>>> print(open('protein.pdb').read())   # PDB, C-alpha atoms, pLDDT in the B column
MODEL        1
ATOM      1  CA  MET A   1      -2.272  20.526  15.154  1.00 50.00           C
ATOM      2  CA  GLY A   2      -4.041  18.813  12.255  1.00 65.00           C
ATOM      3  CA  SER A   3      -0.664  18.306  10.593  1.00 85.00           C
ATOM      4  CA  PHE A   4       0.337  15.756  13.221  1.00 90.00           C
ATOM      5  CA  LYS A   5      -3.025  14.251  14.193  1.00 86.00           C
ATOM      6  CA  ASN A   6      -2.227  10.915  12.513  1.00 87.00           C
ATOM      7  CA  VAL A   7       0.770  10.280  14.774  1.00 91.00           C
ATOM      8  CA  LEU A   8      -0.331  11.741  18.114  1.00 93.00           C
ATOM      9  CA  ASP A   9      -1.209   9.424  20.987  1.00 91.00           C
ATOM     10  CA  SER A  10      -4.652   9.855  22.555  1.00 92.00           C
ATOM     11  CA  ASP A  11      -3.165  11.675  25.581  1.00 93.00           C
ATOM     12  CA  GLU A  12      -0.638  13.689  23.564  1.00 94.00           C
ATOM     13  CA  TYR A  13      -0.954  17.328  22.537  1.00 93.00           C
ATOM     14  CA  ILE A  14       1.108  19.864  20.601  1.00 94.00           C
ATOM     15  CA  ILE A  15       2.868  22.522  22.665  1.00 94.00           C
ATOM     16  CA  GLY A  16       4.690  24.324  19.841  1.00 94.00           C
ATOM     17  CA  GLU A  17       4.723  24.130  16.033  1.00 95.00           C
ATOM     18  CA  TYR A  18       7.339  25.686  13.758  1.00 95.00           C
ATOM     19  CA  LYS A  19       7.623  26.134  10.008  1.00 95.00           C
ATOM     20  CA  PRO A  20      11.066  26.748   8.472  1.00 93.00           C
ATOM     21  CA  GLU A  21      11.782  30.121   6.898  1.00 92.00           C
ATOM     22  CA  LYS A  22      11.012  29.629   3.198  1.00 90.00           C
ATOM     23  CA  PHE A  23      13.856  31.593   1.586  1.00 87.00           C
ATOM     24  CA  LYS A  24      16.473  29.879   3.767  1.00 87.00           C
ATOM     25  CA  PHE A  25      14.911  26.471   3.018  1.00 88.00           C
ATOM     26  CA  TYR A  26      15.177  27.045  -0.749  1.00 87.00           C
ATOM     27  CA  LEU A  27      18.610  28.690  -0.658  1.00 83.00           C
ATOM     28  CA  THR A  28      20.154  25.808   1.298  1.00 84.00           C
ATOM     29  CA  ARG A  29      18.872  23.270  -1.201  1.00 84.00           C
ATOM     30  CA  VAL A  30      19.976  25.301  -4.251  1.00 85.00           C
ATOM     31  CA  PHE A  31      23.478  25.863  -2.803  1.00 84.00           C
ATOM     32  CA  SER A  32      23.717  22.130  -2.147  1.00 83.00           C
ATOM     33  CA  ILE A  33      22.872  21.071  -5.698  1.00 84.00           C
ATOM     34  CA  VAL A  34      25.206  23.670  -7.246  1.00 81.00           C
ATOM     35  CA  PHE A  35      28.029  22.504  -4.962  1.00 83.00           C
ATOM     36  CA  ILE A  36      27.366  18.841  -5.833  1.00 82.00           C
ATOM     37  CA  ILE A  37      27.419  19.548  -9.579  1.00 79.00           C
ATOM     38  CA  LEU A  38      30.642  21.555  -9.269  1.00 77.00           C
ATOM     39  CA  PHE A  39      32.202  18.828  -7.138  1.00 79.00           C
ATOM     40  CA  LEU A  40      31.244  16.083  -9.590  1.00 75.00           C
ATOM     41  CA  SER A  41      32.512  18.085 -12.571  1.00 73.00           C
ATOM     42  CA  PHE A  42      35.843  18.906 -10.902  1.00 72.00           C
ATOM     43  CA  PRO A  43      37.696  15.824 -12.253  1.00 69.00           C
ATOM     44  CA  PHE A  44      36.650  16.755 -15.800  1.00 66.00           C
ATOM     45  CA  MET A  45      37.860  20.302 -15.271  1.00 64.00           C
ATOM     46  CA  ILE A  46      41.237  19.008 -14.011  1.00 65.00           C
ATOM     47  CA  SER A  47      41.614  16.771 -17.076  1.00 62.00           C
ATOM     48  CA  LEU A  48      41.365  19.871 -19.293  1.00 61.00           C
ATOM     49  CA  PHE A  49      44.421  21.397 -17.660  1.00 61.00           C
ATOM     50  CA  THR A  50      46.581  18.257 -17.480  1.00 61.00           C
ATOM     51  CA  GLY A  51      47.166  17.953 -21.191  1.00 57.00           C
ATOM     52  CA  ASP A  52      44.340  15.605 -22.005  1.00 53.00           C
ATOM     53  CA  PRO A  53      43.962  15.485 -25.793  1.00 49.00           C
ATOM     54  CA  PHE A  54      40.386  16.726 -25.879  1.00 53.00           C
ATOM     55  CA  ASP A  55      39.630  20.254 -26.860  1.00 54.00           C
ATOM     56  CA  MET A  56      36.235  20.429 -25.264  1.00 56.00           C
ATOM     57  CA  PHE A  57      36.670  23.276 -22.780  1.00 57.00           C
ATOM     58  CA  GLY A  58      33.784  25.322 -24.202  1.00 59.00           C
ATOM     59  CA  ASP A  59      31.533  22.289 -24.494  1.00 65.00           C
ATOM     60  CA  LEU A  60      32.347  21.175 -20.961  1.00 67.00           C
ATOM     61  CA  ILE A  61      31.551  24.590 -19.501  1.00 71.00           C
ATOM     62  CA  THR A  62      28.251  24.613 -21.443  1.00 74.00           C
ATOM     63  CA  VAL A  63      27.352  21.148 -20.144  1.00 74.00           C
ATOM     64  CA  ILE A  64      28.183  22.167 -16.556  1.00 75.00           C
ATOM     65  CA  ILE A  65      26.062  25.325 -16.856  1.00 78.00           C
ATOM     66  CA  LEU A  66      23.166  23.327 -18.322  1.00 80.00           C
ATOM     67  CA  LEU A  67      23.487  20.727 -15.549  1.00 81.00           C
ATOM     68  CA  MET A  68      23.437  23.504 -12.947  1.00 79.00           C
ATOM     69  CA  PHE A  69      20.399  25.116 -14.564  1.00 83.00           C
ATOM     70  CA  ALA A  70      18.536  21.787 -14.729  1.00 85.00           C
ATOM     71  CA  GLY A  71      19.626  20.930 -11.191  1.00 82.00           C
ATOM     72  CA  VAL A  72      18.412  24.275  -9.848  1.00 84.00           C
ATOM     73  CA  ILE A  73      15.047  23.960 -11.637  1.00 87.00           C
ATOM     74  CA  ILE A  74      14.521  20.404 -10.340  1.00 88.00           C
ATOM     75  CA  THR A  75      15.619  21.502  -6.868  1.00 84.00           C
ATOM     76  CA  LEU A  76      13.176  24.427  -6.873  1.00 85.00           C
ATOM     77  CA  VAL A  77      10.284  22.164  -7.889  1.00 88.00           C
ATOM     78  CA  THR A  78      11.103  19.497  -5.287  1.00 86.00           C
ATOM     79  CA  SER A  79      11.742  22.216  -2.689  1.00 85.00           C
ATOM     80  CA  GLU A  80       8.244  23.569  -3.212  1.00 87.00           C
ATOM     81  CA  LEU A  81       6.771  20.115  -2.693  1.00 87.00           C
ATOM     82  CA  ALA A  82       9.004  19.484   0.343  1.00 89.00           C
ATOM     83  CA  PHE A  83       8.379  22.902   1.905  1.00 91.00           C
ATOM     84  CA  ASP A  84       4.615  22.417   1.883  1.00 89.00           C
ATOM     85  CA  LYS A  85       5.015  19.258   3.987  1.00 92.00           C
ATOM     86  CA  ARG A  86       7.863  20.385   6.283  1.00 93.00           C
ATOM     87  CA  LEU A  87       6.786  21.176   9.822  1.00 95.00           C
ATOM     88  CA  TYR A  88       8.342  20.777  13.252  1.00 96.00           C
ATOM     89  CA  ALA A  89       6.625  20.417  16.613  1.00 96.00           C
ATOM     90  CA  TYR A  90       7.104  19.348  20.158  1.00 95.00           C
ATOM     91  CA  THR A  91       4.432  17.752  22.284  1.00 95.00           C
ATOM     92  CA  ASN A  92       4.070  16.811  25.915  1.00 95.00           C
ATOM     93  CA  LYS A  93       5.866  13.536  25.003  1.00 94.00           C
ATOM     94  CA  ARG A  94       8.196  13.998  22.036  1.00 93.00           C
ATOM     95  CA  VAL A  95       9.777  16.060  19.278  1.00 94.00           C
ATOM     96  CA  LEU A  96       8.090  15.574  15.876  1.00 95.00           C
ATOM     97  CA  ILE A  97       9.331  16.282  12.374  1.00 94.00           C
ATOM     98  CA  ARG A  98       7.060  16.098   9.338  1.00 94.00           C
ATOM     99  CA  THR A  99       8.774  15.834   5.942  1.00 92.00           C
ATOM    100  CA  GLY A 100       8.172  14.470   2.468  1.00 91.00           C
ATOM    101  CA  ILE A 101       8.050  15.304  -1.211  1.00 90.00           C
ATOM    102  CA  ILE A 102       5.326  13.037  -2.537  1.00 89.00           C
ATOM    103  CA  GLY A 103       4.072  11.361   0.641  1.00 88.00           C
ATOM    104  CA  VAL A 104       4.253  12.544   4.233  1.00 90.00           C
ATOM    105  CA  ASP A 105       6.874  11.112   6.582  1.00 91.00           C
ATOM    106  CA  PHE A 106       7.140  11.553  10.340  1.00 92.00           C
ATOM    107  CA  LYS A 107      10.102  11.222  12.691  1.00 91.00           C
ATOM    108  CA  SER A 108       9.865  11.443  16.449  1.00 90.00           C
ATOM    109  CA  LEU A 109      12.158  11.454  19.439  1.00 90.00           C
ATOM    110  CA  ASP A 110      10.848  11.001  22.981  1.00 91.00           C
ATOM    111  CA  LEU A 111      11.587  13.980  25.215  1.00 92.00           C
ATOM    112  CA  LYS A 112      12.923  11.689  27.937  1.00 89.00           C
ATOM    113  CA  MET A 113      15.448  10.237  25.466  1.00 89.00           C
ATOM    114  CA  ILE A 114      16.933  13.601  24.473  1.00 89.00           C
ATOM    115  CA  GLY A 115      20.404  13.733  25.955  1.00 86.00           C
ATOM    116  CA  ALA A 116      21.857  16.607  23.962  1.00 85.00           C
ATOM    117  CA  SER A 117      20.670  19.572  21.990  1.00 88.00           C
ATOM    118  CA  GLU A 118      22.366  22.409  20.172  1.00 90.00           C
ATOM    119  CA  VAL A 119      21.638  25.565  18.241  1.00 93.00           C
ATOM    120  CA  ARG A 120      23.538  26.429  15.068  1.00 91.00           C
ATOM    121  CA  VAL A 121      23.470  29.639  13.111  1.00 92.00           C
ATOM    122  CA  ASP A 122      25.524  29.033   9.969  1.00 88.00           C
ATOM    123  CA  LEU A 123      26.702  31.150   7.048  1.00 86.00           C
ATOM    124  CA  ILE A 124      23.481  30.763   5.053  1.00 84.00           C
ATOM    125  CA  ASP A 125      21.461  31.851   8.106  1.00 86.00           C
ATOM    126  CA  LYS A 126      23.641  34.958   8.313  1.00 86.00           C
ATOM    127  CA  LEU A 127      23.352  35.604   4.553  1.00 81.00           C
ATOM    128  CA  VAL A 128      19.574  35.299   4.671  1.00 78.00           C
ATOM    129  CA  ASN A 129      19.637  37.736   7.612  1.00 77.00           C
ATOM    130  CA  LYS A 130      16.214  36.685   8.896  1.00 79.00           C
ATOM    131  CA  ASN A 131      17.244  35.554  12.389  1.00 89.00           C
ATOM    132  CA  THR A 132      17.148  31.845  11.499  1.00 93.00           C
ATOM    133  CA  GLY A 133      19.050  28.821  12.719  1.00 93.00           C
ATOM    134  CA  THR A 134      18.938  25.086  13.305  1.00 92.00           C
ATOM    135  CA  ILE A 135      18.109  23.299  16.531  1.00 93.00           C
ATOM    136  CA  LYS A 136      19.405  19.726  16.801  1.00 90.00           C
ATOM    137  CA  PHE A 137      18.249  17.112  19.286  1.00 90.00           C
ATOM    138  CA  GLY A 138      20.213  13.996  20.079  1.00 85.00           C
ATOM    139  CA  SER A 139      20.019  10.834  22.125  1.00 80.00           C
ATOM    140  CA  GLN A 140      22.600   8.172  22.851  1.00 70.00           C
ATOM    141  CA  ALA A 141      21.479   6.280  19.746  1.00 67.00           C
ATOM    142  CA  ILE A 142      21.487   9.333  17.483  1.00 68.00           C
ATOM    143  CA  PRO A 143      23.801  12.118  18.695  1.00 63.00           C
ATOM    144  CA  THR A 144      23.595  15.675  17.382  1.00 64.00           C
ATOM    145  CA  ASN A 145      27.001  15.430  15.687  1.00 66.00           C
ATOM    146  CA  ASN A 146      26.307  12.166  13.874  1.00 60.00           C
ATOM    147  CA  GLN A 147      27.888  11.561  10.510  1.00 59.00           C
ATOM    148  CA  GLY A 148      25.748  10.060   7.765  1.00 52.00           C
ATOM    149  CA  ILE A 149      22.577   9.712   9.844  1.00 55.00           C
ATOM    150  CA  GLN A 150      19.987  12.467   9.589  1.00 62.00           C
ATOM    151  CA  ALA A 151      19.770  14.116  13.005  1.00 72.00           C
ATOM    152  CA  PHE A 152      16.553  15.268  14.593  1.00 86.00           C
ATOM    153  CA  GLN A 153      16.745  18.906  13.662  1.00 90.00           C
ATOM    154  CA  PHE A 154      14.502  21.894  13.216  1.00 94.00           C
ATOM    155  CA  SER A 155      16.206  23.683  10.280  1.00 90.00           C
ATOM    156  CA  GLY A 156      15.600  27.290   9.270  1.00 91.00           C
ATOM    157  CA  ILE A 157      13.654  28.157  12.421  1.00 93.00           C
ATOM    158  CA  LYS A 158      13.056  31.827  13.145  1.00 93.00           C
ATOM    159  CA  ASP A 159      14.451  33.098  16.448  1.00 94.00           C
ATOM    160  CA  PRO A 160      16.300  29.829  17.135  1.00 95.00           C
ATOM    161  CA  TYR A 161      17.778  30.788  20.514  1.00 95.00           C
ATOM    162  CA  ASN A 162      14.408  31.655  22.050  1.00 96.00           C
ATOM    163  CA  VAL A 163      12.749  28.566  20.540  1.00 96.00           C
ATOM    164  CA  TYR A 164      15.618  26.466  21.888  1.00 95.00           C
ATOM    165  CA  ARG A 165      15.229  27.923  25.399  1.00 95.00           C
ATOM    166  CA  GLU A 166      11.475  27.279  25.289  1.00 95.00           C
ATOM    167  CA  ILE A 167      11.851  23.650  24.213  1.00 95.00           C
ATOM    168  CA  LYS A 168      14.828  22.997  26.509  1.00 93.00           C
ATOM    169  CA  LYS A 169      12.889  24.345  29.498  1.00 93.00           C
ATOM    170  CA  TYR A 170      10.015  21.983  28.726  1.00 93.00           C
ATOM    171  CA  ILE A 171      12.357  19.005  28.227  1.00 91.00           C
ATOM    172  CA  ASP A 172      13.952  19.716  31.620  1.00 91.00           C
ATOM    173  CA  GLU A 173      10.493  19.855  33.246  1.00 90.00           C
ATOM    174  CA  VAL A 174       9.509  16.505  31.686  1.00 88.00           C
ATOM    175  CA  LYS A 175      12.754  14.862  32.813  1.00 86.00           C
ATOM    176  CA  ALA A 176      12.356  16.235  36.355  1.00 86.00           C
ATOM    177  CA  LYS A 177       9.011  14.439  36.807  1.00 79.00           C
TER     178      LYS A 177
ENDMDL
END
>>> encode(input="protein.pdb", output="structure tokens")
Amino acid sequence: MGSFKNVLDSDEYIIGEYKPEKFKFYLTRVFSIVFIILFLSFPFMISLFTGDPFDMFGDLITVIILLMFAGVIITLVTSELAFDKRLYAYTNKRVLIRTGIIGVDFKSLDLKMIGASEVRVDLIDKLVNKNTGTIKFGSQAIPTNNQGIQAFQFSGIKDPYNVYREIKKYIDEVKAK
């Protein structure tokens, strides 16, 4: 509750708080940076096989491996800082997400504005095998399947289907009033 006290209204209270599963949180971020480095190095790899006059195959592979190593180390450090601040909650009025690396940022979505929600259990959730998933909340302004805009989502939540049912039941009760 103290994690959200700065953004709660005087008549608002926390109903449920959730922390993402740590291993899944880290693994997702590490996979992302490795994929990005491989994607960005792909044109250089293609140039090696198209008859480009450079003979730098060994050097290029070394640079890519070093970039991946540096990227993973930086990602692990920033992930530790981000994980400490990451927390999800829902209150009697809204869904709250606390994030940040250096500072603390808050996002909120009023329960009455939520028009769609979904649960996703992706490949990394299955690989981690810790019963985790992502719950997304959307409104007309920010749908759950938006492209390029960060959705309101609780990522890496344990037991996502039960948490989803719990939150959805409360949202339905609020909307019925």
>>> closest_residue(input="protein.pdb", among="A:Tyr88, A:Phe137, A:Phe83, A:Phe25", to="A:Leu109", atoms="all atoms listed in the file")
A:Phe137
>>> residues_around(input="protein.pdb", residues="A:Ala116", least_positions_apart="2", cutoff="7 Å", atoms="all atoms listed in the file", output="list of chain:residue names")
A:Ile114, A:Glu118, A:Phe137, A:Gly138, A:Ser139, A:Thr144
>>> closest_residue(input="protein.pdb", among="A:Lys19, A:Lys169, A:Arg94, A:Lys136", to="A:Ser117", atoms="all atoms listed in the file")
A:Lys136
>>> axis_aligned_box(input="protein.pdb", around="stretch 158-168 of chain A", padding_each_side="5 Å", output="AutoDock Vina command-line options")
--center_x 14.6 --center_y 28.0 --center_z 19.8 --size_x 16.3 --size_y 20.1 --size_z 23.4
>>> atom_distance(input="protein.pdb", atom1="atom CA of A:Ile61", atom2="atom CA of A:Phe42")
11.2 Å
>>> atom_distance(input="protein.pdb", atom1="atom CA of A:Leu96", atom2="atom CA of A:Glu17")
9.2 Å
>>> residues_around(input="protein.pdb", residues="A:Met113", least_positions_apart="5", cutoff="12 Å", atoms="only C-alpha atoms", output="list in words")
Lys93, Arg94, Val95, Ser108, Phe137, Gly138, Ser139, Gln140, Ala141, Ile142, Pro143, Ile171, Asp172, Val174 and Lys175 of chain A
>>> atom_distance(input="protein.pdb", atom1="atom CA of A:Phe69", atom2="atom CA of A:Ser41")
14.1 Å
>>> decode(input="protein.pdb", residues="stretch 53-96 of chain A", atoms="N, CA and C atoms", output="JSON list (two decimals), in the first residue's frame")
[["chain", "number", "residue", "atom", "x", "y", "z"],
["A", 53, "PRO", "N", 33.93, -6.88, -50.38],
["A", 53, "PRO", "CA", 35.37, -7.12, -50.38],
["A", 53, "PRO", "C", 36.01, -7.25, -49.01],
["A", 54, "PHE", "N", 35.27, -7.06, -47.94],
["A", 54, "PHE", "CA", 35.94, -7.14, -46.64],
["A", 54, "PHE", "C", 36.09, -8.59, -46.22],
["A", 55, "ASP", "N", 37.15, -8.83, -45.53],
["A", 55, "ASP", "CA", 37.37, -10.16, -44.96],
["A", 55, "ASP", "C", 37.38, -9.99, -43.44],
["A", 56, "MET", "N", 36.22, -9.66, -42.93],
["A", 56, "MET", "CA", 36.15, -9.35, -41.50],
["A", 56, "MET", "C", 35.20, -10.29, -40.77],
["A", 57, "PHE", "N", 34.96, -11.47, -41.32],
["A", 57, "PHE", "CA", 33.96, -12.36, -40.71],
["A", 57, "PHE", "C", 34.26, -12.63, -39.24],
["A", 58, "GLY", "N", 35.49, -12.98, -38.92],
["A", 58, "GLY", "CA", 35.87, -13.26, -37.54],
["A", 58, "GLY", "C", 35.73, -12.04, -36.65],
["A", 59, "ASP", "N", 36.17, -10.90, -37.17],
["A", 59, "ASP", "CA", 36.05, -9.66, -36.40],
["A", 59, "ASP", "C", 34.60, -9.28, -36.16],
["A", 60, "LEU", "N", 33.77, -9.46, -37.18],
["A", 60, "LEU", "CA", 32.36, -9.12, -37.05],
["A", 60, "LEU", "C", 31.67, -9.99, -36.01],
["A", 61, "ILE", "N", 31.95, -11.28, -36.05],
["A", 61, "ILE", "CA", 31.36, -12.19, -35.06],
["A", 61, "ILE", "C", 31.82, -11.80, -33.65],
["A", 62, "THR", "N", 33.09, -11.45, -33.49],
["A", 62, "THR", "CA", 33.62, -11.02, -32.19],
["A", 62, "THR", "C", 32.91, -9.75, -31.72],
["A", 63, "VAL", "N", 32.72, -8.80, -32.61],
["A", 63, "VAL", "CA", 32.04, -7.55, -32.25],
["A", 63, "VAL", "C", 30.60, -7.84, -31.84],
["A", 64, "ILE", "N", 29.91, -8.70, -32.58],
["A", 64, "ILE", "CA", 28.52, -9.04, -32.26],
["A", 64, "ILE", "C", 28.45, -9.71, -30.89],
["A", 65, "ILE", "N", 29.36, -10.63, -30.62],
["A", 65, "ILE", "CA", 29.37, -11.32, -29.32],
["A", 65, "ILE", "C", 29.66, -10.32, -28.20],
["A", 66, "LEU", "N", 30.60, -9.42, -28.41],
["A", 66, "LEU", "CA", 30.89, -8.40, -27.40],
["A", 66, "LEU", "C", 29.70, -7.46, -27.19],
["A", 67, "LEU", "N", 29.03, -7.08, -28.28],
["A", 67, "LEU", "CA", 27.83, -6.24, -28.15],
["A", 67, "LEU", "C", 26.74, -6.97, -27.36],
["A", 68, "MET", "N", 26.57, -8.26, -27.65],
["A", 68, "MET", "CA", 25.57, -9.04, -26.91],
["A", 68, "MET", "C", 25.93, -9.13, -25.44],
["A", 69, "PHE", "N", 27.19, -9.38, -25.14],
["A", 69, "PHE", "CA", 27.64, -9.47, -23.75],
["A", 69, "PHE", "C", 27.41, -8.14, -23.03],
["A", 70, "ALA", "N", 27.83, -7.04, -23.66],
["A", 70, "ALA", "CA", 27.63, -5.72, -23.05],
["A", 70, "ALA", "C", 26.14, -5.42, -22.91],
["A", 71, "GLY", "N", 25.37, -5.74, -23.95],
["A", 71, "GLY", "CA", 23.93, -5.51, -23.89],
["A", 71, "GLY", "C", 23.26, -6.29, -22.78],
["A", 72, "VAL", "N", 23.66, -7.55, -22.60],
["A", 72, "VAL", "CA", 23.09, -8.38, -21.54],
["A", 72, "VAL", "C", 23.47, -7.83, -20.17],
["A", 73, "ILE", "N", 24.72, -7.43, -19.98],
["A", 73, "ILE", "CA", 25.15, -6.87, -18.69],
["A", 73, "ILE", "C", 24.38, -5.59, -18.38],
["A", 74, "ILE", "N", 24.29, -4.68, -19.35],
["A", 74, "ILE", "CA", 23.54, -3.44, -19.13],
["A", 74, "ILE", "C", 22.07, -3.74, -18.86],
["A", 75, "THR", "N", 21.51, -4.69, -19.59],
["A", 75, "THR", "CA", 20.11, -5.08, -19.38],
["A", 75, "THR", "C", 19.89, -5.66, -17.99],
["A", 76, "LEU", "N", 20.82, -6.48, -17.52],
["A", 76, "LEU", "CA", 20.68, -7.06, -16.18],
["A", 76, "LEU", "C", 20.73, -5.98, -15.10],
["A", 77, "VAL", "N", 21.62, -5.01, -15.27],
["A", 77, "VAL", "CA", 21.72, -3.92, -14.28],
["A", 77, "VAL", "C", 20.45, -3.07, -14.30],
["A", 78, "THR", "N", 20.00, -2.66, -15.48],
["A", 78, "THR", "CA", 18.78, -1.85, -15.55],
["A", 78, "THR", "C", 17.55, -2.66, -15.13],
["A", 79, "SER", "N", 17.57, -3.96, -15.39],
["A", 79, "SER", "CA", 16.44, -4.81, -14.97],
["A", 79, "SER", "C", 16.34, -4.86, -13.45],
["A", 80, "GLU", "N", 17.48, -4.92, -12.79],
["A", 80, "GLU", "CA", 17.45, -4.93, -11.32],
["A", 80, "GLU", "C", 16.85, -3.64, -10.79],
["A", 81, "LEU", "N", 17.27, -2.52, -11.37],
["A", 81, "LEU", "CA", 16.71, -1.23, -10.94],
["A", 81, "LEU", "C", 15.22, -1.15, -11.25],
["A", 82, "ALA", "N", 14.82, -1.63, -12.44],
["A", 82, "ALA", "CA", 13.42, -1.57, -12.85],
["A", 82, "ALA", "C", 12.56, -2.54, -12.04],
["A", 83, "PHE", "N", 13.09, -3.71, -11.73],
["A", 83, "PHE", "CA", 12.31, -4.71, -11.00],
["A", 83, "PHE", "C", 11.96, -4.22, -9.60],
["A", 84, "ASP", "N", 12.90, -3.56, -8.96],
["A", 84, "ASP", "CA", 12.65, -3.04, -7.61],
["A", 84, "ASP", "C", 11.46, -2.08, -7.58],
["A", 85, "LYS", "N", 11.25, -1.34, -8.66],
["A", 85, "LYS", "CA", 10.18, -0.34, -8.69],
["A", 85, "LYS", "C", 8.89, -0.86, -9.31],
["A", 86, "ARG", "N", 8.93, -1.98, -10.01],
["A", 86, "ARG", "CA", 7.75, -2.48, -10.73],
["A", 86, "ARG", "C", 6.75, -3.10, -9.78],
["A", 87, "LEU", "N", 5.53, -2.62, -9.85],
["A", 87, "LEU", "CA", 4.45, -3.13, -9.02],
["A", 87, "LEU", "C", 3.12, -2.80, -9.69],
["A", 88, "TYR", "N", 2.18, -3.69, -9.58],
["A", 88, "TYR", "CA", 0.86, -3.50, -10.17],
["A", 88, "TYR", "C", -0.18, -3.56, -9.05],
["A", 89, "ALA", "N", -1.27, -2.82, -9.23],
["A", 89, "ALA", "CA", -2.34, -2.85, -8.23],
["A", 89, "ALA", "C", -3.65, -2.46, -8.87],
["A", 90, "TYR", "N", -4.72, -2.83, -8.20],
["A", 90, "TYR", "CA", -6.01, -2.25, -8.55],
["A", 90, "TYR", "C", -6.67, -1.79, -7.27],
["A", 91, "THR", "N", -7.38, -0.67, -7.40],
["A", 91, "THR", "CA", -8.02, -0.04, -6.26],
["A", 91, "THR", "C", -9.53, -0.06, -6.47],
["A", 92, "ASN", "N", -10.23, 0.59, -5.58],
["A", 92, "ASN", "CA", -11.68, 0.70, -5.74],
["A", 92, "ASN", "C", -12.04, 1.64, -6.89],
["A", 93, "LYS", "N", -11.05, 2.34, -7.49],
["A", 93, "LYS", "CA", -11.31, 3.29, -8.57],
["A", 93, "LYS", "C", -10.57, 3.00, -9.87],
["A", 94, "ARG", "N", -9.37, 2.43, -9.79],
["A", 94, "ARG", "CA", -8.55, 2.32, -11.00],
["A", 94, "ARG", "C", -7.51, 1.21, -10.92],
["A", 95, "VAL", "N", -6.89, 0.97, -12.08],
["A", 95, "VAL", "CA", -5.76, 0.06, -12.20],
["A", 95, "VAL", "C", -4.51, 0.93, -12.15],
["A", 96, "LEU", "N", -3.51, 0.53, -11.36],
["A", 96, "LEU", "CA", -2.28, 1.30, -11.20],
["A", 96, "LEU", "C", -1.07, 0.47, -11.59]]
